[in-house]
file target_12.cif (mmCIF, C-alpha atoms and all ligand atoms)
data_entry
loop_
_atom_site.label_atom_id
_atom_site.label_comp_id
_atom_site.auth_asym_id
_atom_site.auth_seq_id
_atom_site.Cartn_x
_atom_site.Cartn_y
_atom_site.Cartn_z
CA MET A 287 -101.02 73.92 16.79
CA ILE A 288 -103.19 75.07 13.95
CA PHE A 289 -105.79 72.31 14.34
CA GLN A 290 -105.93 72.87 18.07
CA GLN A 291 -106.95 76.45 17.31
CA THR A 292 -109.49 75.28 14.73
CA LEU A 293 -111.00 72.94 17.28
CA HIS A 294 -110.73 75.07 20.44
CA VAL A 295 -109.86 71.93 22.35
CA GLU A 296 -110.09 73.41 25.85
CA GLN A 297 -113.56 74.69 25.06
CA LEU A 298 -114.60 71.29 23.67
CA LYS A 299 -113.14 69.60 26.75
CA SER A 300 -115.38 71.72 28.95
CA ASP A 301 -118.40 70.17 27.20
CA PHE A 302 -117.52 66.89 28.98
CA PRO A 303 -118.34 67.25 32.70
CA ILE A 304 -116.48 64.09 33.74
CA LEU A 305 -113.16 65.43 32.44
CA ALA A 306 -113.09 68.19 35.06
CA GLN A 307 -112.50 65.78 37.93
CA GLN A 308 -109.37 64.82 39.78
CA VAL A 309 -108.19 61.23 40.25
CA HIS A 310 -105.79 60.51 43.15
CA GLY A 311 -105.48 64.28 43.55
CA LYS A 312 -104.36 64.78 39.91
CA PRO A 313 -106.41 66.17 37.01
CA LEU A 314 -107.92 63.28 35.05
CA VAL A 315 -106.17 62.54 31.74
CA TYR A 316 -108.54 60.18 29.97
CA LEU A 317 -106.73 58.12 27.34
CA ASP A 318 -109.00 55.07 27.08
CA ASN A 319 -111.23 56.36 24.31
CA GLY A 320 -110.88 53.13 22.34
CA ALA A 321 -112.73 51.34 25.14
CA THR A 322 -115.39 54.01 25.48
CA THR A 323 -115.52 57.77 25.03
CA GLN A 324 -116.79 60.29 27.54
CA LYS A 325 -120.17 61.96 26.96
CA PRO A 326 -120.76 65.63 26.27
CA ARG A 327 -123.34 67.43 28.39
CA ARG A 328 -125.61 67.61 25.36
CA VAL A 329 -125.92 63.81 25.18
CA ILE A 330 -126.59 63.45 28.90
CA GLU A 331 -129.17 66.23 28.80
CA ALA A 332 -130.95 64.83 25.74
CA MET A 333 -131.42 61.51 27.53
CA ASN A 334 -132.58 63.26 30.71
CA THR A 335 -135.08 65.32 28.74
CA TYR A 336 -136.49 62.17 27.17
CA TYR A 337 -137.10 60.60 30.59
CA HIS A 338 -138.34 63.85 32.12
CA GLU A 339 -140.62 64.96 29.32
CA TYR A 340 -141.63 62.36 26.73
CA ASN A 341 -140.87 58.85 27.96
CA ALA A 342 -143.23 56.42 26.21
CA ASN A 343 -142.92 53.33 24.05
CA VAL A 344 -142.41 53.80 20.33
CA HIS A 345 -144.49 52.68 17.33
CA ARG A 346 -147.38 51.63 19.60
CA GLY A 347 -149.29 54.50 21.17
CA LEU A 348 -151.49 56.98 19.35
CA TYR A 349 -151.16 59.50 22.16
CA ASN A 350 -148.92 62.56 22.18
CA LEU A 351 -146.05 61.23 24.31
CA SER A 352 -145.67 58.10 22.21
CA ALA A 353 -145.78 60.15 19.01
CA GLN A 354 -142.97 62.35 20.39
CA ALA A 355 -140.88 59.34 21.41
CA THR A 356 -141.48 57.66 18.04
CA HIS A 357 -140.50 60.82 16.21
CA ALA A 358 -137.26 61.13 18.21
CA TYR A 359 -136.46 57.44 17.74
CA GLU A 360 -136.98 57.60 13.98
CA GLU A 361 -135.16 60.92 13.74
CA SER A 362 -132.14 59.21 15.32
CA HIS A 363 -132.11 56.63 12.47
CA ARG A 364 -132.29 59.50 9.99
CA LYS A 365 -129.34 61.29 11.61
CA VAL A 366 -127.22 58.14 11.67
CA ALA A 367 -128.08 57.49 8.01
CA GLU A 368 -127.02 60.98 7.02
CA PHE A 369 -123.85 60.74 9.13
CA ILE A 370 -122.61 57.65 7.23
CA GLY A 371 -124.10 58.34 3.80
CA ALA A 372 -126.80 55.66 4.00
CA SER A 373 -130.59 55.78 3.64
CA PHE A 374 -133.06 55.50 6.52
CA GLU A 375 -134.17 51.92 5.76
CA GLU A 376 -130.56 50.74 5.83
CA VAL A 377 -129.85 51.76 9.44
CA ILE A 378 -130.69 49.13 12.07
CA PHE A 379 -130.20 49.85 15.73
CA THR A 380 -128.58 47.10 17.78
CA LYS A 381 -126.92 46.95 21.20
CA GLY A 382 -123.47 47.63 19.73
CA THR A 383 -120.87 46.44 17.23
CA THR A 384 -120.81 43.01 18.84
CA GLU A 385 -124.53 42.49 18.37
CA SER A 386 -124.40 43.88 14.82
CA LEU A 387 -121.74 41.33 13.87
CA ASN A 388 -123.63 38.51 15.61
CA LEU A 389 -126.75 39.49 13.69
CA LEU A 390 -124.80 39.13 10.45
CA ALA A 391 -123.20 35.84 11.45
CA TYR A 392 -126.62 34.42 12.28
CA SER A 393 -128.60 35.82 9.40
CA LEU A 394 -126.05 35.50 6.59
CA GLY A 395 -125.00 32.16 8.08
CA ASN A 396 -128.40 30.71 7.14
CA THR A 397 -127.44 31.03 3.46
CA LEU A 398 -123.99 29.37 3.68
CA GLN A 399 -123.08 25.78 2.74
CA PRO A 400 -120.43 23.42 4.16
CA GLY A 401 -117.02 24.26 2.66
CA ASP A 402 -117.88 27.95 2.09
CA GLU A 403 -115.10 30.27 3.23
CA ILE A 404 -115.06 33.36 5.44
CA VAL A 405 -112.02 35.65 5.33
CA LEU A 406 -111.01 37.88 8.25
CA THR A 407 -107.68 39.54 9.09
CA GLN A 408 -105.11 38.76 11.77
CA LEU A 409 -105.83 41.95 13.72
CA GLU A 410 -109.54 41.49 14.43
CA HIS A 411 -111.25 42.17 17.74
CA HIS A 412 -112.80 39.05 19.29
CA SER A 413 -116.23 40.29 18.26
CA ASN A 414 -115.24 39.90 14.60
CA ILE A 415 -113.75 36.45 15.15
CA VAL A 416 -115.83 34.48 17.65
CA PRO A 417 -119.27 34.83 15.96
CA TRP A 418 -117.72 33.55 12.67
CA GLN A 419 -115.91 30.72 14.47
CA GLN A 420 -119.17 29.57 16.03
CA LEU A 421 -120.94 29.80 12.67
CA ALA A 422 -118.10 27.88 10.99
CA LYS A 423 -118.45 25.15 13.61
CA ARG A 424 -122.23 24.90 13.12
CA LYS A 425 -122.15 24.90 9.33
CA GLY A 426 -118.81 23.29 8.45
CA LEU A 427 -117.30 26.49 7.02
CA VAL A 428 -113.62 27.39 6.58
CA LEU A 429 -112.11 30.51 8.24
CA LYS A 430 -109.07 32.20 6.71
CA TYR A 431 -107.07 35.19 7.90
CA ILE A 432 -105.39 37.87 5.79
CA LYS A 433 -101.84 38.37 7.08
CA LEU A 434 -100.26 41.58 8.28
CA THR A 435 -97.14 42.94 6.59
CA PRO A 436 -94.00 43.37 8.76
CA ASP A 437 -94.94 47.04 9.17
CA PHE A 438 -98.42 46.16 10.50
CA HIS A 439 -100.50 46.91 7.38
CA ILE A 440 -103.09 44.57 5.88
CA ASP A 441 -101.27 42.50 3.25
CA LEU A 442 -103.33 43.13 0.11
CA ALA A 443 -101.28 40.66 -1.94
CA HIS A 444 -102.20 37.94 0.56
CA ALA A 445 -105.84 39.09 0.47
CA ARG A 446 -105.83 38.62 -3.33
CA GLU A 447 -104.42 35.14 -2.82
CA ILE A 448 -106.90 33.83 -0.25
CA VAL A 449 -110.11 35.55 -1.36
CA THR A 450 -111.45 33.27 -4.08
CA PRO A 451 -114.85 32.32 -5.52
CA ARG A 452 -115.17 29.96 -2.53
CA THR A 453 -115.18 33.03 -0.24
CA LYS A 454 -118.68 34.14 0.73
CA ILE A 455 -117.83 36.78 3.34
CA VAL A 456 -114.87 39.10 3.94
CA SER A 457 -115.09 40.94 7.29
CA VAL A 458 -112.44 43.39 8.53
CA ALA A 459 -111.87 46.05 11.17
CA HIS A 460 -111.67 49.47 9.53
CA ALA A 461 -109.29 50.68 12.25
CA SER A 462 -107.46 48.33 14.60
CA ASN A 463 -108.14 48.85 18.30
CA VAL A 464 -104.61 47.63 19.06
CA LEU A 465 -102.28 48.70 16.27
CA GLY A 466 -104.10 51.69 14.83
CA THR A 467 -103.80 50.10 11.38
CA ILE A 468 -106.32 51.54 8.92
CA ALA A 469 -107.55 48.83 6.56
CA PRO A 470 -107.64 49.66 2.83
CA VAL A 471 -111.38 49.08 2.80
CA LYS A 472 -112.10 50.26 -0.74
CA GLU A 473 -109.52 47.84 -2.19
CA LEU A 474 -110.75 45.02 0.05
CA ALA A 475 -114.36 45.70 -1.06
CA ARG A 476 -113.24 45.37 -4.68
CA ILE A 477 -111.35 42.13 -3.98
CA ALA A 478 -114.38 40.67 -2.15
CA HIS A 479 -116.87 41.73 -4.81
CA ASP A 480 -114.68 40.54 -7.72
CA ASN A 481 -114.96 37.10 -6.14
CA GLY A 482 -118.70 37.32 -5.44
CA ALA A 483 -118.25 37.70 -1.65
CA LEU A 484 -120.00 40.09 0.72
CA PHE A 485 -117.84 42.72 2.37
CA ILE A 486 -118.38 43.66 6.03
CA VAL A 487 -116.62 46.48 7.87
CA ASP A 488 -116.27 46.63 11.66
CA GLY A 489 -116.24 50.40 12.08
CA ALA A 490 -116.14 50.49 15.90
CA GLN A 491 -112.79 52.32 15.88
CA SER A 492 -113.21 54.37 12.70
CA VAL A 493 -116.59 56.11 13.00
CA PRO A 494 -115.51 58.22 16.02
CA HIS A 495 -112.35 59.43 14.27
CA MET A 496 -112.97 60.08 10.57
CA PRO A 497 -115.75 60.97 8.13
CA ILE A 498 -117.45 57.78 6.92
CA ASN A 499 -119.38 57.23 3.73
CA VAL A 500 -120.55 53.66 3.33
CA ARG A 501 -121.35 54.13 -0.36
CA GLU A 502 -117.85 55.39 -1.11
CA ILE A 503 -116.38 52.37 0.69
CA ASP A 504 -118.90 50.18 -1.15
CA CYS A 505 -119.20 47.85 1.83
CA ASP A 506 -122.26 45.64 2.06
CA PHE A 507 -122.50 46.00 5.84
CA PHE A 508 -120.92 48.35 8.38
CA ALA A 509 -121.12 47.93 12.16
CA PHE A 510 -120.35 50.38 14.97
CA SER A 511 -121.10 51.31 18.62
CA GLY A 512 -122.69 54.47 20.02
CA HIS A 513 -120.62 54.49 23.21
CA LYS A 514 -117.31 54.78 21.32
CA MET A 515 -118.54 57.89 19.47
CA TYR A 516 -119.56 60.03 22.47
CA GLY A 517 -123.04 58.48 22.68
CA PRO A 518 -124.49 56.18 25.34
CA THR A 519 -123.84 52.49 25.95
CA GLY A 520 -126.49 50.01 24.86
CA ILE A 521 -126.90 51.28 21.32
CA GLY A 522 -125.08 50.44 18.13
CA VAL A 523 -125.70 50.37 14.43
CA LEU A 524 -125.75 47.90 11.61
CA TYR A 525 -125.81 49.46 8.17
CA GLY A 526 -126.68 47.09 5.33
CA LYS A 527 -127.39 47.61 1.63
CA ARG A 528 -131.12 47.65 1.27
CA HIS A 529 -131.45 44.84 -1.29
CA LEU A 530 -129.37 42.56 0.95
CA LEU A 531 -131.31 43.36 4.13
CA GLU A 532 -134.55 42.73 2.28
CA ARG A 533 -133.43 39.19 1.43
CA MET A 534 -132.07 38.36 4.90
CA ASP A 535 -133.87 36.55 7.72
CA PRO A 536 -134.45 38.51 10.92
CA PHE A 537 -132.14 37.70 13.82
CA LEU A 538 -134.53 38.29 16.74
CA PHE A 539 -138.26 37.62 16.62
CA GLY A 540 -141.16 39.17 18.55
CA GLY A 541 -143.04 42.45 18.73
CA ASP A 542 -142.44 45.36 16.36
CA MET A 543 -140.52 43.33 13.77
CA ILE A 544 -143.71 41.74 12.35
CA ARG A 545 -146.34 42.87 9.86
CA GLU A 546 -148.87 40.10 10.57
CA VAL A 547 -148.90 37.23 13.05
CA HIS A 548 -151.18 34.20 12.65
CA PHE A 549 -151.32 31.07 14.82
CA THR A 550 -149.39 29.23 12.12
CA HIS A 551 -147.04 31.80 10.60
CA SER A 552 -145.95 35.44 10.54
CA THR A 553 -144.71 38.04 8.06
CA TRP A 554 -142.06 40.69 8.62
CA ASN A 555 -142.22 44.45 8.98
CA ASP A 556 -140.55 46.91 6.58
CA LEU A 557 -136.89 47.85 6.98
CA PRO A 558 -135.32 48.74 9.30
CA TRP A 559 -137.93 47.51 11.85
CA LYS A 560 -137.74 43.93 10.54
CA PHE A 561 -134.43 43.69 12.42
CA GLU A 562 -135.50 45.56 15.58
CA ALA A 563 -137.57 43.15 17.68
CA GLY A 564 -139.09 44.27 20.99
CA THR A 565 -138.91 47.61 22.77
CA PRO A 566 -135.72 49.27 21.60
CA ASN A 567 -133.28 51.41 23.60
CA ILE A 568 -135.19 54.64 23.06
CA ALA A 569 -133.29 56.92 25.45
CA GLU A 570 -130.04 55.62 23.99
CA ALA A 571 -131.22 56.37 20.46
CA VAL A 572 -132.03 59.91 21.61
CA GLY A 573 -128.53 60.15 23.12
CA LEU A 574 -126.92 58.82 19.94
CA ALA A 575 -128.71 61.46 17.87
CA ALA A 576 -127.37 64.14 20.24
CA ALA A 577 -123.85 62.70 19.89
CA ILE A 578 -124.14 62.90 16.11
CA ASP A 579 -125.35 66.50 16.33
CA TYR A 580 -122.36 67.23 18.55
CA LEU A 581 -119.82 65.55 16.24
CA THR A 582 -121.35 67.22 13.21
CA GLY A 583 -120.95 70.55 14.99
CA VAL A 584 -117.27 69.82 15.70
CA GLY A 585 -116.79 68.52 12.14
CA MET A 586 -115.39 65.06 11.43
CA ARG A 587 -112.71 66.48 9.09
CA HIS A 588 -111.45 68.65 11.95
CA VAL A 589 -111.55 65.68 14.31
CA GLN A 590 -109.54 63.59 11.86
CA GLU A 591 -106.94 66.28 11.19
CA TYR A 592 -106.49 67.21 14.84
CA GLU A 593 -106.19 63.58 15.97
CA ALA A 594 -103.71 62.76 13.17
CA ASP A 595 -101.50 65.58 14.40
CA LEU A 596 -101.86 64.54 18.06
CA THR A 597 -101.23 60.87 17.24
CA ALA A 598 -98.05 61.71 15.33
CA TYR A 599 -96.86 63.76 18.31
CA ALA A 600 -97.67 60.93 20.76
CA HIS A 601 -96.00 58.34 18.52
CA GLN A 602 -92.82 60.37 18.34
CA LYS A 603 -92.85 61.21 22.06
CA LEU A 604 -93.42 57.64 23.25
CA SER A 605 -90.94 56.16 20.75
CA SER A 606 -88.25 58.49 22.11
CA LEU A 607 -88.53 57.00 25.63
CA LYS A 608 -86.05 54.30 26.60
CA GLY A 609 -87.43 50.77 26.98
CA ILE A 610 -90.66 51.58 25.12
CA THR A 611 -91.74 49.78 21.96
CA VAL A 612 -94.69 51.34 20.15
CA LEU A 613 -96.53 48.81 17.97
CA GLY A 614 -98.29 49.53 14.71
CA PRO A 615 -97.66 51.44 11.49
CA LYS A 616 -95.37 54.46 11.59
CA GLY A 617 -97.17 56.73 9.11
CA ALA A 618 -100.90 57.40 8.73
CA ARG A 619 -102.74 55.45 11.40
CA GLY A 620 -105.69 55.53 13.77
CA SER A 621 -105.43 57.38 17.08
CA VAL A 622 -104.55 54.30 19.14
CA LEU A 623 -101.05 53.77 20.52
CA SER A 624 -100.20 50.37 21.95
CA PHE A 625 -96.83 49.95 23.55
CA THR A 626 -94.81 47.70 25.78
CA ILE A 627 -92.48 48.85 28.55
CA ASP A 628 -89.42 46.66 29.14
CA GLY A 629 -89.60 45.08 32.58
CA ILE A 630 -93.13 46.28 33.46
CA HIS A 631 -96.31 44.24 32.93
CA PRO A 632 -99.08 46.25 31.20
CA HIS A 633 -101.39 45.79 34.21
CA ASP A 634 -98.74 47.19 36.60
CA ALA A 635 -98.06 50.06 34.21
CA SER A 636 -101.77 50.94 34.01
CA THR A 637 -102.06 50.87 37.80
CA LEU A 638 -99.06 53.17 38.24
CA LEU A 639 -100.29 55.54 35.52
CA ASP A 640 -103.66 55.70 37.26
CA ARG A 641 -101.92 57.07 40.36
CA GLU A 642 -100.89 60.01 38.17
CA GLY A 643 -104.51 60.53 37.08
CA ILE A 644 -103.92 58.88 33.70
CA ALA A 645 -106.49 56.37 32.47
CA VAL A 646 -105.10 53.91 29.93
CA ARG A 647 -105.90 50.28 29.22
CA GLY A 648 -103.51 47.42 29.87
CA GLY A 649 -104.11 43.91 28.53
CA HIS A 650 -104.90 41.98 25.36
CA HIS A 651 -107.61 44.43 24.20
CA CYS A 652 -109.92 41.61 23.07
CA ALA A 653 -107.40 40.63 20.40
CA MET A 654 -105.74 37.51 21.81
CA PRO A 655 -104.88 35.97 18.41
CA LEU A 656 -103.06 39.18 17.44
CA MET A 657 -101.18 39.21 20.76
CA GLY A 658 -100.08 35.62 20.11
CA LEU A 659 -98.87 36.64 16.65
CA LEU A 660 -96.88 39.51 18.15
CA GLY A 661 -95.44 37.16 20.77
CA ILE A 662 -96.74 39.17 23.73
CA THR A 663 -99.55 38.77 26.25
CA GLY A 664 -100.62 42.39 26.31
CA THR A 665 -99.80 46.05 25.81
CA VAL A 666 -100.49 49.37 27.42
CA ARG A 667 -102.85 51.29 25.15
CA ALA A 668 -103.38 55.03 25.00
CA SER A 669 -106.31 55.80 22.71
CA LEU A 670 -106.90 59.43 21.88
CA SER A 671 -109.83 61.75 21.31
CA PHE A 672 -110.17 65.32 20.06
CA TYR A 673 -110.47 66.41 23.70
CA ASN A 674 -106.92 65.23 24.42
CA THR A 675 -104.04 67.66 24.19
CA HIS A 676 -100.29 67.66 23.68
CA GLU A 677 -100.04 68.33 27.41
CA ASP A 678 -101.90 65.06 28.08
CA ILE A 679 -99.26 63.21 26.05
CA ASP A 680 -96.46 64.95 27.93
CA LYS A 681 -98.07 63.89 31.22
CA LEU A 682 -98.31 60.31 29.95
CA ALA A 683 -94.62 60.32 29.02
CA ALA A 684 -93.63 61.75 32.42
CA ALA A 685 -95.77 59.17 34.24
CA ILE A 686 -94.16 56.32 32.26
CA ILE A 687 -90.70 57.55 33.28
CA LYS A 688 -91.89 57.68 36.90
CA ALA A 689 -93.22 54.11 36.64
CA GLN A 690 -89.87 52.98 35.24
CA GLU A 691 -88.15 54.59 38.24
CA VAL A 692 -90.50 52.74 40.63
CA PHE A 693 -89.64 49.46 38.91
CA GLY A 694 -85.97 50.33 38.59
CA VAL A 695 -85.94 49.64 34.84
C1 LIG B 701 -112.44 47.03 16.57
C2 LIG B 701 -113.54 46.72 17.53
N1 LIG B 701 -114.57 45.95 17.12
C3 LIG B 701 -115.58 45.66 17.93
C4 LIG B 701 -115.63 46.11 19.22
C5 LIG B 701 -116.78 45.73 20.09
O1 LIG B 701 -117.55 46.85 20.42
P1 LIG B 701 -118.72 46.73 21.50
O2 LIG B 701 -118.08 46.17 22.74
O3 LIG B 701 -119.19 48.13 21.66
O4 LIG B 701 -119.76 45.83 20.93
C6 LIG B 701 -114.59 46.89 19.70
C7 LIG B 701 -114.57 47.35 21.12
O5 LIG B 701 -113.55 47.63 21.69
C8 LIG B 701 -113.52 47.21 18.83
O6 LIG B 701 -112.49 47.96 19.24
#
call {"tool": "encode", "arguments": {"input": "target_12.cif", "output": "C-alpha cells"}}
result
Amino acid sequence: MIFQQTLHVEQLKSDFPILAQQVHGKPLVYLDNGATTQKPRRVIEAMNTYYHEYNANVHRGLYNLSAQATHAYEESHRKVAEFIGASFEEVIFTKGTTESLNLLAYSLGNTLQPGDEIVLTQLEHHSNIVPWQQLAKRKGLVLKYIKLTPDFHIDLAHAREIVTPRTKIVSVAHASNVLGTIAPVKELARIAHDNGALFIVDGAQSVPHMPINVREIDCDFFAFSGHKMYGPTGIGVLYGKRHLLERMDPFLFGGDMIREVHFTHSTWNDLPWKFEAGTPNIAEAVGLAAAIDYLTGVGMRHVQEYEADLTAYAHQKLSSLKGITVLGPKGARGSVLSFTIDGIHPHDASTLLDREGIAVRGGHHCAMPLMGLLGITGTVRASLSFYNTHEDIDKLAAAIIKAQEVFGV
C-alpha cells in the first residue's frame, strides 16, 4: 500500500517496545487503541530522563533543577498549543478528557440558570454525559440529545431543531469511540454560535488520528487525553478560547493557581495556571511533549491517510464474514470498528481473540445510552493505530472464524 510505504509501518512499530512481545505464544496484535495507545520508546525515555536528571517541582524553586523542570513543563504547553493551533495561555493541563469535561461542567455551570438547556448527541461517551447530568440536577437545567441518522451520522437537521436561544452549551464527541462517526464540528459550531451557545468538542478519539486546528473548528473548548495519543496516562488537555477562560471561575483551588492569598480572600494567577492547582503531573507533561514530537515526526496527515486506508480494508474484511454486523457509517469514518458476532457474547469473543494474541475490547465502551439505542448490550471493538497492518486485520478475521468454530455458530 502506498501509505504503508510512506509511513514505514514496520519501522514505526519497532519504536514501540511492548509490541514485540508474544501473548499466549502468539505475536501481540494490539487493537485496543481507542482505550489507550502504546508508548514509543521516546516517550518512555523522556519520562525516565526527567526522573533521572532534573526531577524537581515547577514554578517554585530558583535553583537549576527546578528551572529545568519548569522549562520542560512550560515547553510541553507550548508544544500542545502548536499541535492544535492554539496559543500557550489557552492550553490547560488536566488529568484527562474526563477531568477537562468536569472542569467545564463545574466552571461553566456556575453561570447557568434553571431552565437553561445543554445539547449533547446520542453517541456520547459517559464522560460527556454524566458531568452534564449532575450539573442539570444541581441547577435545574434541561438536557437534550441530537439524534443519529439511520446510517449513524449526526443528524444536523435535528441539531438545527433542538439548538435554540435557550441552549447555553452544545458538547459533542469529535469522533465516536463506538461507531467511528466523525461529527461535523464546523457546522455544529456555527449552529451553536448562531444561537448564542458555547460549543465544546470531546476530542479524545480525534486528536490521535487526524490533524486538529481548534481555530478552524471554531470550538470554544476542546478536551483530550495524553494516553490515547501515545503519551502517558494521568495527563490531558483542556483548550479554551482565552477570553472565555479569563471570565471563568477556577475549578480547583490551592497552590500555584493564585496570585495573592490573604486571610479573607485570594486572587487568581494568569492563564493557564489559574486552572492548574497544586503540583502538576510534571513527568507526564514531559512524556506528552515527547509524544507530540513523535507524532509530528510521523506527520498527522500521513497518520490520517494510512488509517483511513486500513479502516476501509478492515471494514470490508469484517463485513464479509458470516454472522458479523459492523456498526457505524460505511464511508469516511474514524479508525474504530465495533461489531457483533451472532451467537457469541462480546466478552467471550474478546477472551477467545486474546488466546490468538489479539487484544480487542468487548463491552459497552462507556456508551450505555448508545447501546440501548442500538438495542444491544455491547460490541467487540477493534480500534486501529498507524502501527497496525493489513496482516493484523487478517489475523483478526481468522481468529473470529476460529471463535465461531469453537462456539459452533
Ligand atoms: C470519546 C471519548 N471521550 C472521553 C473519553 C474519556 O477519556 P479519559 O478516560 O482519558 O478521561 C474517552 C475514553 O475512552 C472517549 O473515547
call {"tool": "residues_near_ligand", "arguments": {"input": "target_12.cif", "ligand": "ligand LIG 701 (chain B)", "cutoff": "7 Å", "atoms": "all atoms listed in the file", "output": "PyMOL selection string"}}
result
chain A and resi 320-321+382-385+410-411+413-414+459+461-463+488-491+511+513-514
call {"tool": "residues_near_point", "arguments": {"input": "target_12.cif", "point": "(-102.1, 66.0, 25.7)", "cutoff": "12 Å", "atoms": "all atoms listed in the file", "output": "ChimeraX atom specification"}}
result
/A:287,290,295-296,299,314-317,592-593,595-600,603,644,668-684
call {"tool": "residues_around", "arguments": {"input": "target_12.cif", "residues": "Val329 in chain A", "least_positions_apart": "3", "cutoff": "6 Å", "atoms": "only C-alpha atoms", "output": "compact mmCIF listing (two decimals) with C-alpha atoms, in the frame of the given file"}}
result
# COMPACT_ATOMS: atom_id res chain seq x y z
CA PRO A 326 -120.76 65.63 26.27
CA ALA A 332 -130.95 64.83 25.74
CA GLY A 573 -128.53 60.15 23.12
CA ALA A 576 -127.37 64.14 20.24
CA ALA A 577 -123.85 62.70 19.89
call {"tool": "residues_around", "arguments": {"input": "target_12.cif", "residues": "Ile578 in chain A", "least_positions_apart": "5", "cutoff": "12 Å", "atoms": "only C-alpha atoms", "output": "PyMOL selection string"}}
result
chain A and resi 325-326+328-329+332+361-370+493-494+497+512-518+571-573+583-586
call {"tool": "atom_distance", "arguments": {"input": "target_12.cif", "atom1": "CA of Ala391 in chain A", "atom2": "CA of Ile378 in chain A"}}
result
15.3 Å
call {"tool": "atom_distance", "arguments": {"input": "target_12.cif", "atom1": "CA of Ile448 in chain A", "atom2": "CA of Gln399 in chain A"}}
result
18.3 Å
call {"tool": "atom_distance", "arguments": {"input": "target_12.cif", "atom1": "CA of Asp301 in chain A", "atom2": "CA of Arg327 in chain A"}}
result
5.8 Å
call {"tool": "closest_residue", "arguments": {"input": "target_12.cif", "among": "A:Glu691, A:Asp628, A:Glu591, A:Asp504", "to": "Ile662 in chain A", "atoms": "all atoms listed in the file"}}
result
A:Asp628
call {"tool": "residues_around", "arguments": {"input": "target_12.cif", "residues": "Val692 in chain A", "least_positions_apart": "5", "cutoff": "12 Å", "atoms": "all atoms listed in the file", "output": "VMD selection string"}}
result
chain A and resid 629 to 630 634 to 635 638 to 639 685 to 687
call {"tool": "closest_residue", "arguments": {"input": "target_12.cif", "among": "A:His495, A:Arg501, A:His439, A:His412", "to": "Ala653 in chain A", "atoms": "all atoms listed in the file"}}
result
A:His412
call {"tool": "residues_around", "arguments": {"input": "target_12.cif", "residues": "Leu442 in chain A", "least_positions_apart": "5", "cutoff": "10 Å", "atoms": "all atoms listed in the file", "output": "PyMOL selection string"}}
result
chain A and resi 432-435+447-448+469-470+473-474+477
call {"tool": "closest_residue", "arguments": {"input": "target_12.cif", "among": "A:Leu604, A:Leu390, A:Cys652, A:Leu293", "to": "Phe561 in chain A", "atoms": "all atoms listed in the file"}}
result
A:Leu390
call {"tool": "closest_residue", "arguments": {"input": "target_12.cif", "among": "A:Met654, A:Ala372, A:Val487, A:Gly541", "to": "Gln408 in chain A", "atoms": "only C-alpha atoms"}}
result
A:Met654
call {"tool": "closest_residue", "arguments": {"input": "target_12.cif", "among": "A:Pro313, A:Pro451, A:Pro400, A:Asp506", "to": "Ala475 in chain A", "atoms": "only C-alpha atoms"}}
result
A:Asp506
call {"tool": "closest_atom_pairs", "arguments": {"input": "target_12.cif", "of": "range 460-539 of chain A", "to": "range 565-568 of chain A", "cutoff": "10 Å", "atoms": "only C-alpha atoms", "output": "tab-separated table"}}
result
residue	atom	partner	partner_atom	distance
A:Thr519	CA	A:Asn567	CA	9.8
A:Gly520	CA	A:Asn567	CA	7.0
A:Ile521	CA	A:Asn567	CA	6.8
A:Gly522	CA	A:Asn567	CA	9.9
call {"tool": "closest_residue", "arguments": {"input": "target_12.cif", "among": "A:His460, A:Arg619, A:Arg647, A:Arg533", "to": "Phe510 in chain A", "atoms": "all atoms listed in the file"}}
result
A:His460
call {"tool": "decode", "arguments": {"input": "target_12.cif", "residues": "range 447-473 of chain A", "atoms": "C-alpha atoms", "output": "PDB file, in the first residue's frame"}}
result
ATOM      1  CA  GLU A 447     -34.307  21.965  15.512  1.00  0.00           C
ATOM      2  CA  ILE A 448     -33.229  21.483  19.125  1.00  0.00           C
ATOM      3  CA  VAL A 449     -30.443  24.069  19.428  1.00  0.00           C
ATOM      4  CA  THR A 450     -32.303  27.290  20.213  1.00  0.00           C
ATOM      5  CA  PRO A 451     -31.607  30.540  22.086  1.00  0.00           C
ATOM      6  CA  ARG A 452     -32.412  28.578  25.266  1.00  0.00           C
ATOM      7  CA  THR A 453     -29.336  26.408  24.588  1.00  0.00           C
ATOM      8  CA  LYS A 454     -26.269  27.552  26.511  1.00  0.00           C
ATOM      9  CA  ILE A 455     -23.895  24.671  25.746  1.00  0.00           C
ATOM     10  CA  VAL A 456     -23.516  22.206  22.866  1.00  0.00           C
ATOM     11  CA  SER A 457     -20.982  19.443  23.613  1.00  0.00           C
ATOM     12  CA  VAL A 458     -20.139  16.631  21.174  1.00  0.00           C
ATOM     13  CA  ALA A 459     -17.593  13.887  20.581  1.00  0.00           C
ATOM     14  CA  HIS A 460     -15.487  14.716  17.526  1.00  0.00           C
ATOM     15  CA  ALA A 461     -15.046  11.008  16.771  1.00  0.00           C
ATOM     16  CA  SER A 462     -17.213   8.304  18.325  1.00  0.00           C
ATOM     17  CA  ASN A 463     -15.352   5.667  20.335  1.00  0.00           C
ATOM     18  CA  VAL A 464     -18.021   3.121  19.353  1.00  0.00           C
ATOM     19  CA  LEU A 465     -19.266   3.890  15.850  1.00  0.00           C
ATOM     20  CA  GLY A 466     -16.340   5.789  14.372  1.00  0.00           C
ATOM     21  CA  THR A 467     -18.756   8.562  13.378  1.00  0.00           C
ATOM     22  CA  ILE A 468     -16.971  11.856  12.739  1.00  0.00           C
ATOM     23  CA  ALA A 469     -19.110  14.769  13.905  1.00  0.00           C
ATOM     24  CA  PRO A 470     -19.498  17.726  11.518  1.00  0.00           C
ATOM     25  CA  VAL A 471     -17.913  20.000  14.104  1.00  0.00           C
ATOM     26  CA  LYS A 472     -17.632  23.139  11.976  1.00  0.00           C
ATOM     27  CA  GLU A 473     -21.362  23.061  11.149  1.00  0.00           C
TER      28      GLU A 473
END
